[in-house]
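Undergrad: Input file: data.cif. Contents: mmCIF, N, CA and C atoms.
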```
data_run
loop_
_atom_site.label_atom_id
_atom_site.label_comp_id
_atom_site.auth_asym_id
_atom_site.auth_seq_id
_atom_site.Cartn_x
_atom_site.Cartn_y
_atom_site.Cartn_z
N MET A 947 -26.12 -1.63 22.24
CA MET A 947 -26.16 -0.30 22.82
C MET A 947 -25.41 0.69 21.92
N THR A 948 -24.25 0.30 21.44
CA THR A 948 -23.48 1.19 20.58
C THR A 948 -24.23 1.48 19.29
N LEU A 949 -24.82 0.44 18.70
CA LEU A 949 -25.57 0.61 17.46
C LEU A 949 -26.75 1.56 17.67
N LYS A 950 -27.43 1.44 18.82
CA LYS A 950 -28.57 2.30 19.12
C LYS A 950 -28.14 3.77 19.22
N LEU A 951 -27.03 4.01 19.92
CA LEU A 951 -26.52 5.37 20.05
C LEU A 951 -26.09 5.94 18.70
N MET A 952 -25.45 5.11 17.90
CA MET A 952 -25.02 5.56 16.58
C MET A 952 -26.22 5.95 15.72
N ARG A 953 -27.29 5.16 15.79
CA ARG A 953 -28.50 5.48 15.03
C ARG A 953 -29.12 6.79 15.51
N GLU A 954 -29.16 6.99 16.83
CA GLU A 954 -29.74 8.22 17.38
C GLU A 954 -28.95 9.45 16.95
N LEU A 955 -27.63 9.31 16.87
CA LEU A 955 -26.77 10.44 16.49
C LEU A 955 -26.57 10.56 14.98
N GLY A 956 -27.09 9.58 14.22
CA GLY A 956 -26.93 9.61 12.77
C GLY A 956 -25.52 9.30 12.32
N ILE A 957 -24.80 8.50 13.08
CA ILE A 957 -23.41 8.16 12.77
C ILE A 957 -23.38 6.79 12.09
N LYS A 958 -22.59 6.69 11.02
CA LYS A 958 -22.41 5.40 10.34
C LYS A 958 -20.94 5.03 10.38
N SER A 959 -20.65 3.75 10.46
CA SER A 959 -19.26 3.28 10.47
C SER A 959 -18.73 3.19 9.05
N ARG A 960 -17.42 3.33 8.92
CA ARG A 960 -16.76 3.17 7.63
C ARG A 960 -16.02 1.84 7.63
N MET A 961 -16.36 0.99 6.71
CA MET A 961 -15.71 -0.32 6.63
C MET A 961 -14.48 -0.21 5.74
N GLN A 962 -13.42 -0.90 6.12
CA GLN A 962 -12.21 -0.95 5.31
C GLN A 962 -12.22 -2.25 4.52
N LYS A 963 -11.58 -2.20 3.33
CA LYS A 963 -11.46 -3.41 2.54
C LYS A 963 -10.54 -4.39 3.27
N ARG A 964 -10.86 -5.65 3.15
CA ARG A 964 -10.04 -6.70 3.76
C ARG A 964 -8.69 -6.77 3.06
N TYR A 965 -7.63 -6.94 3.84
CA TYR A 965 -6.28 -7.04 3.30
C TYR A 965 -6.17 -8.32 2.48
N ARG A 966 -5.65 -8.19 1.28
CA ARG A 966 -5.42 -9.35 0.44
C ARG A 966 -3.92 -9.52 0.22
N LYS A 967 -3.43 -10.66 0.60
CA LYS A 967 -2.02 -10.97 0.42
C LYS A 967 -1.72 -11.12 -1.06
N PRO A 968 -0.62 -10.54 -1.53
CA PRO A 968 -0.29 -10.67 -2.95
C PRO A 968 -0.03 -12.13 -3.32
N LYS A 969 -0.49 -12.49 -4.49
CA LYS A 969 -0.28 -13.86 -4.95
C LYS A 969 1.10 -13.97 -5.60
N THR A 970 1.79 -15.02 -5.27
CA THR A 970 3.11 -15.24 -5.86
C THR A 970 3.09 -16.56 -6.64
N VAL A 971 3.82 -16.58 -7.70
CA VAL A 971 3.92 -17.77 -8.53
C VAL A 971 5.35 -18.28 -8.44
N VAL A 972 5.50 -19.54 -8.06
CA VAL A 972 6.82 -20.15 -7.92
C VAL A 972 7.12 -20.93 -9.20
N THR A 973 8.18 -20.52 -9.90
CA THR A 973 8.51 -21.17 -11.17
C THR A 973 9.76 -22.05 -11.06
N VAL A 974 10.41 -22.03 -9.89
CA VAL A 974 11.60 -22.85 -9.68
C VAL A 974 11.41 -23.70 -8.44
N ASP A 975 12.18 -24.77 -8.35
CA ASP A 975 12.10 -25.63 -7.16
C ASP A 975 12.56 -24.87 -5.92
N GLN A 976 11.92 -25.11 -4.80
CA GLN A 976 12.28 -24.47 -3.55
C GLN A 976 13.52 -25.13 -2.95
N LYS A 977 14.32 -24.34 -2.27
CA LYS A 977 15.54 -24.84 -1.63
C LYS A 977 15.17 -25.46 -0.28
N PRO A 978 15.93 -26.44 0.19
CA PRO A 978 15.64 -27.03 1.50
C PRO A 978 15.93 -26.05 2.64
N ASN A 979 15.25 -26.23 3.77
CA ASN A 979 15.45 -25.40 4.97
C ASN A 979 16.74 -25.85 5.66
N LEU A 980 17.80 -25.07 5.51
CA LEU A 980 19.11 -25.47 6.03
C LEU A 980 19.28 -25.21 7.52
N ILE A 981 18.43 -24.38 8.13
CA ILE A 981 18.60 -24.07 9.55
C ILE A 981 17.56 -24.77 10.42
N LYS A 982 16.72 -25.58 9.82
CA LYS A 982 15.65 -26.25 10.57
C LYS A 982 16.20 -27.13 11.69
N ASN A 983 17.27 -27.83 11.45
CA ASN A 983 17.80 -28.78 12.44
C ASN A 983 19.07 -28.29 13.13
N LEU A 984 19.40 -27.01 13.01
CA LEU A 984 20.57 -26.48 13.70
C LEU A 984 20.28 -26.31 15.19
N HIS A 985 21.26 -26.63 16.02
CA HIS A 985 21.08 -26.46 17.47
C HIS A 985 21.63 -25.12 17.94
N ASP A 986 22.64 -24.59 17.26
CA ASP A 986 23.23 -23.31 17.63
C ASP A 986 22.88 -22.29 16.56
N LEU A 987 21.99 -21.35 16.88
CA LEU A 987 21.53 -20.35 15.92
C LEU A 987 22.26 -19.01 16.06
N SER A 988 23.40 -18.99 16.77
CA SER A 988 24.10 -17.73 17.02
C SER A 988 24.69 -17.13 15.75
N GLY A 989 24.96 -17.93 14.74
CA GLY A 989 25.54 -17.43 13.51
C GLY A 989 24.53 -17.25 12.39
N VAL A 990 23.24 -17.34 12.72
CA VAL A 990 22.19 -17.24 11.71
C VAL A 990 21.63 -15.82 11.69
N TRP A 991 21.52 -15.24 10.51
CA TRP A 991 20.93 -13.91 10.34
C TRP A 991 19.54 -14.07 9.74
N GLN A 992 18.67 -13.13 10.04
CA GLN A 992 17.30 -13.21 9.55
C GLN A 992 16.87 -11.86 8.98
N THR A 993 16.00 -11.88 7.99
CA THR A 993 15.46 -10.64 7.41
C THR A 993 14.00 -10.85 7.06
N ASP A 994 13.34 -9.79 6.66
CA ASP A 994 11.92 -9.84 6.32
C ASP A 994 11.70 -9.02 5.06
N ILE A 995 10.78 -9.46 4.22
CA ILE A 995 10.40 -8.71 3.03
C ILE A 995 9.03 -8.11 3.29
N THR A 996 8.93 -6.79 3.18
CA THR A 996 7.67 -6.11 3.42
C THR A 996 7.05 -5.72 2.09
N TYR A 997 5.79 -6.08 1.89
CA TYR A 997 5.06 -5.72 0.69
C TYR A 997 4.31 -4.42 0.95
N ILE A 998 4.34 -3.50 -0.01
CA ILE A 998 3.64 -2.22 0.09
C ILE A 998 2.72 -2.09 -1.11
N GLN A 999 1.44 -1.76 -0.84
CA GLN A 999 0.50 -1.58 -1.94
C GLN A 999 0.53 -0.13 -2.40
N LEU A 1000 0.76 0.08 -3.70
CA LEU A 1000 0.80 1.42 -4.27
C LEU A 1000 -0.62 1.90 -4.56
N THR A 1001 -0.75 3.18 -4.88
CA THR A 1001 -2.06 3.74 -5.15
C THR A 1001 -2.71 3.16 -6.40
N ASN A 1002 -1.93 2.60 -7.31
CA ASN A 1002 -2.49 1.97 -8.50
C ASN A 1002 -2.78 0.48 -8.27
N HIS A 1003 -2.84 0.07 -7.01
CA HIS A 1003 -3.19 -1.30 -6.58
C HIS A 1003 -2.15 -2.34 -7.00
N ARG A 1004 -0.92 -1.92 -7.23
CA ARG A 1004 0.17 -2.86 -7.51
C ARG A 1004 0.96 -3.05 -6.22
N TRP A 1005 1.65 -4.16 -6.11
CA TRP A 1005 2.43 -4.48 -4.92
C TRP A 1005 3.91 -4.40 -5.24
N VAL A 1006 4.67 -3.79 -4.34
CA VAL A 1006 6.13 -3.73 -4.46
C VAL A 1006 6.74 -4.18 -3.14
N TYR A 1007 8.00 -4.53 -3.17
CA TYR A 1007 8.72 -4.86 -1.94
C TYR A 1007 10.13 -4.39 -2.02
#
```
Go through the file and emit its structure as structure tokens.

TA:
Amino acid sequence: MTLKLMRELGIKSRMQKRYRKPKTVVTVDQKPNLIKNLHDLSGVWQTDITYIQLTNHRWVY
């Protein structure tokens, strides 16, 4: 029904490019997960790294 109405009104949808996660290369051994088996997490801090795509298609964080 939506497609039919869009055709009648001459409206076309705009598709966005699919998000591509930046590729990372690991050149050193990974450290073990030290908090995996902790029972009390009250002293554990957490953070997040956000990747931003620049207009020249490069990724920064």

Undergrad: Out of chain A, which residues get helix (DSSP H, G or I) from DSSP, as a list in words?

TA: Thr948, Leu949, Lys950, Leu951, Met952, Arg953, Glu954 and Leu955 of chain A

Undergrad: Any chance you could work out the axis-aligned box around stretch 989-993 of chain A, listed atoms only, 6 Å on each side, giving centre and edge lengths in Å to one decimal, as AutoDock Vina command-line options?

TA:
```
--center_x 19.8 --center_y -14.3 --center_z 10.9 --size_x 23.5 --size_y 19.3 --size_z 19.7
```

Undergrad: Interatomic distance between atom N of A:Pro968 and atom CA of A:Trp1005?

TA: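 Value for the atom N of A:Pro968-atom CA of A:Trp1005 distance: 7.6 Å.
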
Undergrad: Hey, which of A:Arg953, A:Arg966, A:Lys982, A:Arg960 ends up closest to A:Ile998? Count only C-alpha atoms.

TA: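 Closest candidate: A:Arg966.
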
Undergrad: If you run DSSP over the backbone, which residues in chain A end up strand (DSSP E)? Put them as a PyMOL selection string.

TA: chain A and resi 998-999+1005-1006

Undergrad: Quick one: pull the distance between atom CA of A:Lys967 and atom CA of A:Gln992, Å, one decimal.

TA: 21.5 Å

Undergrad: Take atom CA of A:His1003 and atom CA of A:Ser959 and report the distance between them in Å, one decimal.

TA: 23.9 Å
